[in-house]
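K.L.:
Dumping the structure here so I can ask a few things about it.
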Amino acid sequence: MTIGFEGRVAVVTGAGNGLGRAYALELARRGAKVVVNDLGGARDGSAGQNNAEIVVDEIRNAGGEAIFNTGSVTDEEAMNAMIAETRAMWGRVDILINNAGILRDKSFAKMTIADFRQIVDVHLMGAAICTKAVWDLMREQNYGRILMTTSATGLYGNFGQANYGAAKLGLVGFMNSLGIEGQKSNIHVNTIAPAAATRMTEDILPPEVLAKLGPETVVPAALYLVSEDAPNRATIAAGGGGFERAHITLTRGIIVGDGELTPEIVGERFETISSRDGEIVPDNVGAQSAMVFGQI
C-alpha cells in the first residue's frame with residue numbers, strides 16, 4: 001500500500017523549521033498542496049527570521065504546489081483568514097497538522113504565570129483556534145484529518161516544563177473529544193508525540209542522541225496519522241526509527257461498601273487500586289462509567 005495525498009490540501013503550522021518543514025516537504029512530495037504556516041521567531045516565541053517562504057520555494061522547486069502564511073496560531077482572525085485564502089485558492093482543506101510551538105522552560109518556582117500562559121496559548125489555544133477555523137469546512141466536505149502534537153513531557157512529565165506538559169496533555173484530551181464529535185463527518189483526529197532533533201531540543205538532548213533523531217524519523221507516523229486510512233483518536237510516539245502507541249489506562253481498582261467509604265481504606269488498599277492487572281483503555285467517558293456501574 002502506497003500512501004498518497006494527490007488532490008489533498010494540507011495546512012501545517014510551525015512549518016518553517018524542523019518537524020513542520022519535514023511534514024510539509026513530504027506531504028508535497030506525495031502530491032498534497034501545502035500551506036506552510038510559520039510566524040517566524042525564536043524558540044521562546046520572540047521575533048526572528050521567517051523561513052516559511054524558503055520552505056515554499058523548496059516545494060515549488062521540486063515541482064509541488066505551496067503557499068506560505070506568517071500569521072500567529074494565537075490570532076483567531078489571522079487563522080480564519082488563512083483558511084479562507086486556502087479555500088479560495090484550492091477549494092478545500094483536508095489536513096491540518098497543529099505543529100507550532102515554543103518553549104519557556106523553568107522550574108515552576110521560577111516560572112511566571114505569563115510564562116505559563118504563553119505556552120498554553122501557543123500550544124493548546126493555538127491548536128484550538130486553527131482547528132476551529134477548519135472544523136465547519138471539514139464537516140461540510142465530509143472529510144478531515146487533524147493531527148495534534150503532544151510530548152513525552154505531557155504524557156509522563158519532565159522537570160522544568162510544567163507549562164509545556166500541561167498544554168501538551170491538554171491536546172490529548174482535545175483530540176479524544178474531537179475524534180468522537182468528528183467521526184460522523186469522517187473527520188479523524190490523532191496525536192503524535194515526537195522525539196526529534198530540532199531547535200526545540202538542540203540543547204536538551206546529547207549530540208550523539210540528536211544525530212539519530214532527525215525530523216525525518218518522525219514523518220512516517222505523522223503522515224500515516226493524516227492519511228485517508230488513518231485511525232481515529234490514536235497517540236503515537238515516534239523518533240529515531242521507533243514507533244509506539246501511548247494509552248491512558250484505567251486499573252480495575254476496588255469497590256467498597258458504604259461503611260468503608262473512608263480515606264483510610266483508600267490508603268490501606270492503594271497498592272490494589274494501583275495494580276495494573278487487567279487494566280483497560282476505555283473508549284470514552286461512558287465506557288469508564290459503565291465499568292464502575294457494572295462493578296457496583
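As shown in the C-alpha cells, the chain order sets the letters A, B, ...; within each chain, residues go from 1, and ligands are also counted from 1 in the order they appear.
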Leaving out Gly294 of chain A and any residue of its chain fewer than 6 positions from it, which residues lie within 12 Å of it when counting only C-alpha atoms, given as a PyMOL selection string?

P.N.:
chain A and resi 252+255+286-288

K.L.:
Selection from above, C-alpha atoms, as a compact mmCIF listing (two decimals), in the first residue's frame, can you write it?

P.N.:
```
# COMPACT_ATOMS: atom_id res chain seq x y z
CA ARG A 252 -9.65 -2.42 37.79
CA ILE A 255 -15.29 -1.29 45.18
CA GLY A 286 -19.28 6.30 29.03
CA ALA A 287 -17.13 3.17 28.93
CA GLN A 288 -15.33 4.26 32.08
```

K.L.:
Applying 8 Å and only C-alpha atoms, which residues near Val218 of chain A remain after dropping the ones on its own chain fewer than 4 positions away? List them as JSON, numbers by chain.

P.N.:
{"A": [19, 194, 195, 196, 214, 222, 238, 239, 240, 241]}

K.L.:
Could you tell me, as a short mmCIF file (atom, residue, chain, number, x, y, z; two decimals) with N, CA and C atoms, in the first residue's frame, which residues of segment 38-274 of chain A DSSP assigns to helix (DSSP H, G or I) when given the backbone?

P.N.:
```
data_model
loop_
_atom_site.label_atom_id
_atom_site.label_comp_id
_atom_site.auth_asym_id
_atom_site.auth_seq_id
_atom_site.Cartn_x
_atom_site.Cartn_y
_atom_site.Cartn_z
N ALA A 52 9.20 30.35 6.29
CA ALA A 52 8.08 29.75 5.57
C ALA A 52 8.23 29.91 4.06
N GLU A 53 8.66 31.09 3.63
CA GLU A 53 8.80 31.33 2.19
C GLU A 53 9.90 30.45 1.60
N ILE A 54 10.95 30.20 2.38
CA ILE A 54 12.04 29.33 1.92
C ILE A 54 11.53 27.91 1.70
N VAL A 55 10.69 27.43 2.63
CA VAL A 55 10.13 26.08 2.51
C VAL A 55 9.22 26.00 1.29
N VAL A 56 8.43 27.04 1.07
CA VAL A 56 7.56 27.08 -0.11
C VAL A 56 8.39 27.02 -1.39
N ASP A 57 9.49 27.75 -1.41
CA ASP A 57 10.38 27.71 -2.58
C ASP A 57 10.93 26.30 -2.79
N GLU A 58 11.29 25.62 -1.71
CA GLU A 58 11.78 24.25 -1.82
C GLU A 58 10.73 23.35 -2.47
N ILE A 59 9.49 23.50 -2.02
CA ILE A 59 8.40 22.68 -2.55
C ILE A 59 8.17 22.99 -4.03
N ARG A 60 8.13 24.25 -4.37
CA ARG A 60 7.88 24.64 -5.76
C ARG A 60 9.02 24.21 -6.67
N ASN A 61 10.24 24.34 -6.19
CA ASN A 61 11.39 23.94 -6.99
C ASN A 61 11.41 22.44 -7.27
N GLU A 76 -6.88 34.51 16.17
CA GLU A 76 -8.05 33.86 15.57
C GLU A 76 -8.40 34.46 14.21
N GLU A 77 -8.35 35.77 14.10
CA GLU A 77 -8.69 36.43 12.85
C GLU A 77 -7.71 36.02 11.74
N ALA A 78 -6.43 35.97 12.08
CA ALA A 78 -5.41 35.60 11.09
C ALA A 78 -5.58 34.16 10.63
N MET A 79 -5.91 33.26 11.54
CA MET A 79 -6.07 31.86 11.16
C MET A 79 -7.34 31.65 10.34
N ASN A 80 -8.40 32.36 10.67
CA ASN A 80 -9.61 32.29 9.85
C ASN A 80 -9.32 32.79 8.44
N ALA A 81 -8.53 33.87 8.35
CA ALA A 81 -8.17 34.42 7.04
C ALA A 81 -7.30 33.44 6.25
N MET A 82 -6.39 32.76 6.94
CA MET A 82 -5.54 31.78 6.27
C MET A 82 -6.38 30.67 5.65
N ILE A 83 -7.34 30.17 6.39
CA ILE A 83 -8.18 29.09 5.88
C ILE A 83 -9.08 29.59 4.76
N ALA A 84 -9.59 30.81 4.89
CA ALA A 84 -10.42 31.38 3.82
C ALA A 84 -9.61 31.53 2.53
N GLU A 85 -8.35 31.98 2.66
CA GLU A 85 -7.48 32.12 1.50
C GLU A 85 -7.20 30.76 0.86
N THR A 86 -6.96 29.77 1.71
CA THR A 86 -6.69 28.42 1.20
C THR A 86 -7.89 27.87 0.45
N ARG A 87 -9.06 28.07 1.02
CA ARG A 87 -10.27 27.57 0.37
C ARG A 87 -10.52 28.29 -0.95
N ALA A 88 -10.27 29.60 -0.96
CA ALA A 88 -10.47 30.36 -2.20
C ALA A 88 -9.53 29.89 -3.29
N MET A 89 -8.32 29.49 -2.92
CA MET A 89 -7.32 29.08 -3.90
C MET A 89 -7.53 27.64 -4.35
N TRP A 90 -7.79 26.73 -3.38
CA TRP A 90 -7.79 25.31 -3.71
C TRP A 90 -9.11 24.60 -3.42
N ILE A 113 3.48 33.38 35.77
CA ILE A 113 2.20 33.00 35.16
C ILE A 113 2.19 33.41 33.69
N ALA A 114 2.89 34.49 33.36
CA ALA A 114 2.98 34.89 31.95
C ALA A 114 3.68 33.81 31.13
N ASP A 115 4.74 33.20 31.69
CA ASP A 115 5.43 32.10 31.01
C ASP A 115 4.48 30.92 30.82
N PHE A 116 3.70 30.63 31.83
CA PHE A 116 2.76 29.51 31.77
C PHE A 116 1.69 29.78 30.71
N ARG A 117 1.12 30.97 30.80
CA ARG A 117 0.02 31.32 29.88
C ARG A 117 0.47 31.34 28.43
N GLN A 118 1.68 31.83 28.17
CA GLN A 118 2.15 31.92 26.79
C GLN A 118 2.29 30.55 26.16
N ILE A 119 2.78 29.58 26.91
CA ILE A 119 2.92 28.23 26.39
C ILE A 119 1.55 27.61 26.12
N VAL A 120 0.62 27.78 27.05
CA VAL A 120 -0.73 27.25 26.84
C VAL A 120 -1.40 27.94 25.65
N ASP A 121 -1.19 29.24 25.51
CA ASP A 121 -1.79 29.99 24.40
C ASP A 121 -1.30 29.47 23.05
N VAL A 122 -0.01 29.23 22.93
CA VAL A 122 0.53 28.80 21.64
C VAL A 122 0.18 27.34 21.35
N HIS A 123 0.48 26.46 22.27
CA HIS A 123 0.30 25.03 22.01
C HIS A 123 -1.16 24.61 22.03
N LEU A 124 -1.86 24.90 23.11
CA LEU A 124 -3.23 24.41 23.28
C LEU A 124 -4.25 25.32 22.59
N MET A 125 -4.24 26.60 22.95
CA MET A 125 -5.20 27.51 22.33
C MET A 125 -4.91 27.69 20.84
N GLY A 126 -3.62 27.70 20.46
CA GLY A 126 -3.28 27.80 19.04
C GLY A 126 -3.87 26.65 18.25
N ALA A 127 -3.75 25.44 18.78
CA ALA A 127 -4.33 24.27 18.11
C ALA A 127 -5.85 24.37 18.05
N ALA A 128 -6.46 24.86 19.12
CA ALA A 128 -7.92 25.01 19.14
C ALA A 128 -8.37 26.04 18.11
N ILE A 129 -7.65 27.16 18.02
CA ILE A 129 -8.00 28.22 17.07
C ILE A 129 -7.89 27.71 15.63
N CYS A 130 -6.80 27.04 15.31
CA CYS A 130 -6.62 26.52 13.95
C CYS A 130 -7.64 25.44 13.62
N THR A 131 -7.91 24.58 14.59
CA THR A 131 -8.89 23.51 14.37
C THR A 131 -10.28 24.08 14.18
N LYS A 132 -10.64 25.07 14.97
CA LYS A 132 -11.94 25.71 14.82
C LYS A 132 -12.08 26.34 13.44
N ALA A 133 -10.97 26.89 12.93
CA ALA A 133 -11.01 27.54 11.62
C ALA A 133 -11.32 26.57 10.49
N VAL A 134 -10.94 25.29 10.64
CA VAL A 134 -11.19 24.30 9.57
C VAL A 134 -12.38 23.39 9.86
N TRP A 135 -12.89 23.41 11.08
CA TRP A 135 -13.85 22.39 11.51
C TRP A 135 -15.12 22.37 10.66
N ASP A 136 -15.76 23.51 10.47
CA ASP A 136 -17.01 23.53 9.71
C ASP A 136 -16.78 23.14 8.25
N LEU A 137 -15.66 23.56 7.69
CA LEU A 137 -15.34 23.19 6.31
C LEU A 137 -15.15 21.68 6.19
N MET A 138 -14.45 21.09 7.13
CA MET A 138 -14.25 19.64 7.10
C MET A 138 -15.57 18.90 7.27
N ARG A 139 -16.43 19.41 8.12
CA ARG A 139 -17.76 18.79 8.28
C ARG A 139 -18.56 18.90 6.99
N GLU A 140 -18.48 20.05 6.36
CA GLU A 140 -19.21 20.29 5.11
C GLU A 140 -18.74 19.36 4.01
N GLN A 141 -17.43 19.15 3.91
CA GLN A 141 -16.89 18.29 2.84
C GLN A 141 -16.86 16.82 3.23
N ALA A 152 6.27 13.64 25.29
CA ALA A 152 6.50 12.78 26.44
C ALA A 152 6.38 13.56 27.74
N THR A 153 6.68 14.86 27.70
CA THR A 153 6.51 15.69 28.89
C THR A 153 5.05 15.75 29.30
N GLY A 154 4.15 15.90 28.33
CA GLY A 154 2.73 15.91 28.65
C GLY A 154 2.24 14.57 29.14
N LEU A 155 2.74 13.50 28.54
CA LEU A 155 2.28 12.16 28.89
C LEU A 155 2.89 11.66 30.19
N TYR A 156 4.16 12.04 30.46
CA TYR A 156 4.88 11.42 31.58
C TYR A 156 5.58 12.41 32.51
N ALA A 162 6.52 22.40 33.46
CA ALA A 162 5.14 22.29 33.93
C ALA A 162 4.17 22.95 32.96
N ASN A 163 4.55 24.10 32.42
CA ASN A 163 3.69 24.81 31.47
C ASN A 163 3.51 24.00 30.19
N TYR A 164 4.62 23.52 29.66
CA TYR A 164 4.62 22.73 28.42
C TYR A 164 3.86 21.42 28.61
N GLY A 165 4.09 20.74 29.73
CA GLY A 165 3.40 19.48 29.99
C GLY A 165 1.90 19.65 30.10
N ALA A 166 1.48 20.73 30.77
CA ALA A 166 0.04 20.98 30.92
C ALA A 166 -0.61 21.19 29.56
N ALA A 167 0.04 21.99 28.71
CA ALA A 167 -0.52 22.26 27.39
C ALA A 167 -0.54 21.00 26.53
N LYS A 168 0.54 20.22 26.62
CA LYS A 168 0.65 19.05 25.75
C LYS A 168 -0.31 17.93 26.13
N LEU A 169 -0.56 17.73 27.41
CA LEU A 169 -1.55 16.72 27.76
C LEU A 169 -2.96 17.23 27.47
N GLY A 170 -3.16 18.54 27.56
CA GLY A 170 -4.43 19.12 27.17
C GLY A 170 -4.80 18.79 25.74
N LEU A 171 -3.80 18.71 24.88
CA LEU A 171 -4.05 18.38 23.47
C LEU A 171 -4.54 16.95 23.30
N VAL A 172 -4.13 16.05 24.18
CA VAL A 172 -4.63 14.67 24.12
C VAL A 172 -6.12 14.64 24.47
N GLY A 173 -6.49 15.38 25.50
CA GLY A 173 -7.91 15.47 25.83
C GLY A 173 -8.72 16.11 24.72
N PHE A 174 -8.15 17.14 24.11
CA PHE A 174 -8.79 17.81 22.97
C PHE A 174 -9.03 16.81 21.85
N MET A 175 -8.00 16.03 21.52
CA MET A 175 -8.12 15.00 20.48
C MET A 175 -9.22 14.00 20.80
N ASN A 176 -9.24 13.52 22.03
CA ASN A 176 -10.19 12.46 22.38
C ASN A 176 -11.64 12.89 22.18
N SER A 177 -11.96 14.10 22.58
CA SER A 177 -13.34 14.57 22.40
C SER A 177 -13.64 14.93 20.95
N LEU A 178 -12.69 15.59 20.28
CA LEU A 178 -12.91 15.95 18.88
C LEU A 178 -13.07 14.72 18.00
N GLY A 179 -12.30 13.67 18.29
CA GLY A 179 -12.40 12.45 17.50
C GLY A 179 -13.78 11.84 17.58
N ILE A 180 -14.40 11.94 18.75
CA ILE A 180 -15.77 11.44 18.92
C ILE A 180 -16.76 12.31 18.15
N GLU A 181 -16.61 13.63 18.28
CA GLU A 181 -17.54 14.55 17.61
C GLU A 181 -17.40 14.51 16.09
N GLY A 182 -16.17 14.31 15.60
CA GLY A 182 -15.94 14.38 14.16
C GLY A 182 -16.17 13.10 13.41
N GLN A 183 -16.28 11.99 14.11
CA GLN A 183 -16.33 10.69 13.44
C GLN A 183 -17.47 10.58 12.45
N LYS A 184 -18.62 11.12 12.79
CA LYS A 184 -19.77 11.00 11.90
C LYS A 184 -19.59 11.81 10.62
N SER A 185 -18.65 12.75 10.63
CA SER A 185 -18.36 13.55 9.43
C SER A 185 -17.05 13.11 8.77
N PRO A 207 24.43 15.37 21.88
CA PRO A 207 24.68 15.35 20.43
C PRO A 207 24.59 13.97 19.80
N GLU A 208 25.07 12.94 20.50
CA GLU A 208 25.05 11.60 19.93
C GLU A 208 23.63 11.07 19.79
N VAL A 209 22.74 11.54 20.66
CA VAL A 209 21.33 11.16 20.54
C VAL A 209 20.66 11.96 19.43
N LEU A 210 20.93 13.26 19.40
CA LEU A 210 20.33 14.12 18.38
C LEU A 210 20.67 13.63 16.97
N PRO A 215 14.28 14.94 12.10
CA PRO A 215 12.83 15.07 11.91
C PRO A 215 12.25 14.03 10.96
N GLU A 216 13.07 13.59 9.98
CA GLU A 216 12.58 12.61 9.01
C GLU A 216 12.19 11.30 9.67
N THR A 217 12.68 11.03 10.89
CA THR A 217 12.33 9.79 11.57
C THR A 217 10.93 9.85 12.20
N VAL A 219 8.40 11.68 10.53
CA VAL A 219 7.49 11.91 9.41
C VAL A 219 6.60 10.70 9.07
N PRO A 220 7.12 9.46 9.04
CA PRO A 220 6.25 8.34 8.67
C PRO A 220 5.00 8.22 9.54
N ALA A 221 5.15 8.40 10.84
CA ALA A 221 3.99 8.31 11.72
C ALA A 221 3.03 9.46 11.49
N ALA A 222 3.57 10.66 11.35
CA ALA A 222 2.71 11.84 11.15
C ALA A 222 1.89 11.71 9.88
N LEU A 223 2.54 11.29 8.79
CA LEU A 223 1.80 11.19 7.53
C LEU A 223 0.78 10.06 7.55
N TYR A 224 1.09 8.96 8.22
CA TYR A 224 0.08 7.91 8.35
C TYR A 224 -1.13 8.43 9.12
N LEU A 225 -0.89 9.22 10.16
CA LEU A 225 -1.98 9.70 11.01
C LEU A 225 -2.85 10.76 10.34
N ASP A 258 -20.61 0.90 51.80
CA ASP A 258 -20.90 2.20 52.41
C ASP A 258 -20.15 2.41 53.72
N GLY A 259 -20.05 1.37 54.52
CA GLY A 259 -19.41 1.52 55.82
C GLY A 259 -17.90 1.67 55.75
N GLU A 260 -17.34 1.45 54.55
CA GLU A 260 -15.88 1.53 54.39
C GLU A 260 -15.44 2.76 53.59
N PRO A 263 -11.07 7.74 53.83
CA PRO A 263 -9.75 7.93 53.22
C PRO A 263 -8.77 6.85 53.68
N GLU A 264 -9.01 6.29 54.88
CA GLU A 264 -8.11 5.25 55.38
C GLU A 264 -8.15 4.01 54.50
N ILE A 265 -9.34 3.65 54.01
CA ILE A 265 -9.42 2.44 53.20
C ILE A 265 -8.71 2.65 51.86
N VAL A 266 -8.77 3.89 51.35
CA VAL A 266 -8.05 4.19 50.10
C VAL A 266 -6.55 4.03 50.33
N GLY A 267 -6.07 4.55 51.44
CA GLY A 267 -4.64 4.42 51.75
C GLY A 267 -4.23 2.98 51.97
N GLU A 268 -5.05 2.23 52.71
CA GLU A 268 -4.72 0.84 53.01
C GLU A 268 -4.70 -0.02 51.76
N PHE A 270 -4.28 1.12 48.57
CA PHE A 270 -3.75 1.88 47.43
C PHE A 270 -2.96 0.99 46.46
N GLU A 271 -2.25 0.01 46.99
CA GLU A 271 -1.49 -0.88 46.12
C GLU A 271 -2.41 -1.68 45.22
N THR A 272 -3.52 -2.14 45.76
CA THR A 272 -4.50 -2.88 44.95
C THR A 272 -5.15 -1.96 43.92
N ILE A 273 -5.49 -0.74 44.35
CA ILE A 273 -6.07 0.23 43.43
C ILE A 273 -5.13 0.50 42.26
N SER A 274 -3.82 0.49 42.54
CA SER A 274 -2.81 0.81 41.53
C SER A 274 -2.41 -0.37 40.67
#
```

K.L.:
Using DSSP on the backbone coordinates, identify the residues of segment 59-113 of chain A assigned to strand (DSSP E); present them as a ChimeraX atom specification.

P.N.:
/A:66-69,95-97

K.L.:
Generate a file of the selected residues that holds C-alpha atoms, formatted as a short mmCIF file (atom, residue, chain, number, x, y, z; two decimals), in the first residue's frame.

P.N.:
```
data_model
loop_
_atom_site.label_atom_id
_atom_site.label_comp_id
_atom_site.auth_asym_id
_atom_site.auth_seq_id
_atom_site.Cartn_x
_atom_site.Cartn_y
_atom_site.Cartn_z
CA ALA A 66 2.53 25.55 -1.88
CA ILE A 67 1.82 28.93 -0.37
CA PHE A 68 3.14 30.46 2.82
CA ASN A 69 1.40 32.21 5.68
CA ILE A 95 -5.43 18.04 6.53
CA LEU A 96 -4.39 20.21 9.46
CA ILE A 97 -1.20 19.49 11.35
#
```

K.L.:
What gap, in Å, lies between atom CA of Val189 of chain A and atom CA of Asn37 of chain A?

P.N.:
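Computing the Euclidean distance for atom CA of Val189 of chain A and atom CA of Asn37 of chain A yields 19.7 Å.
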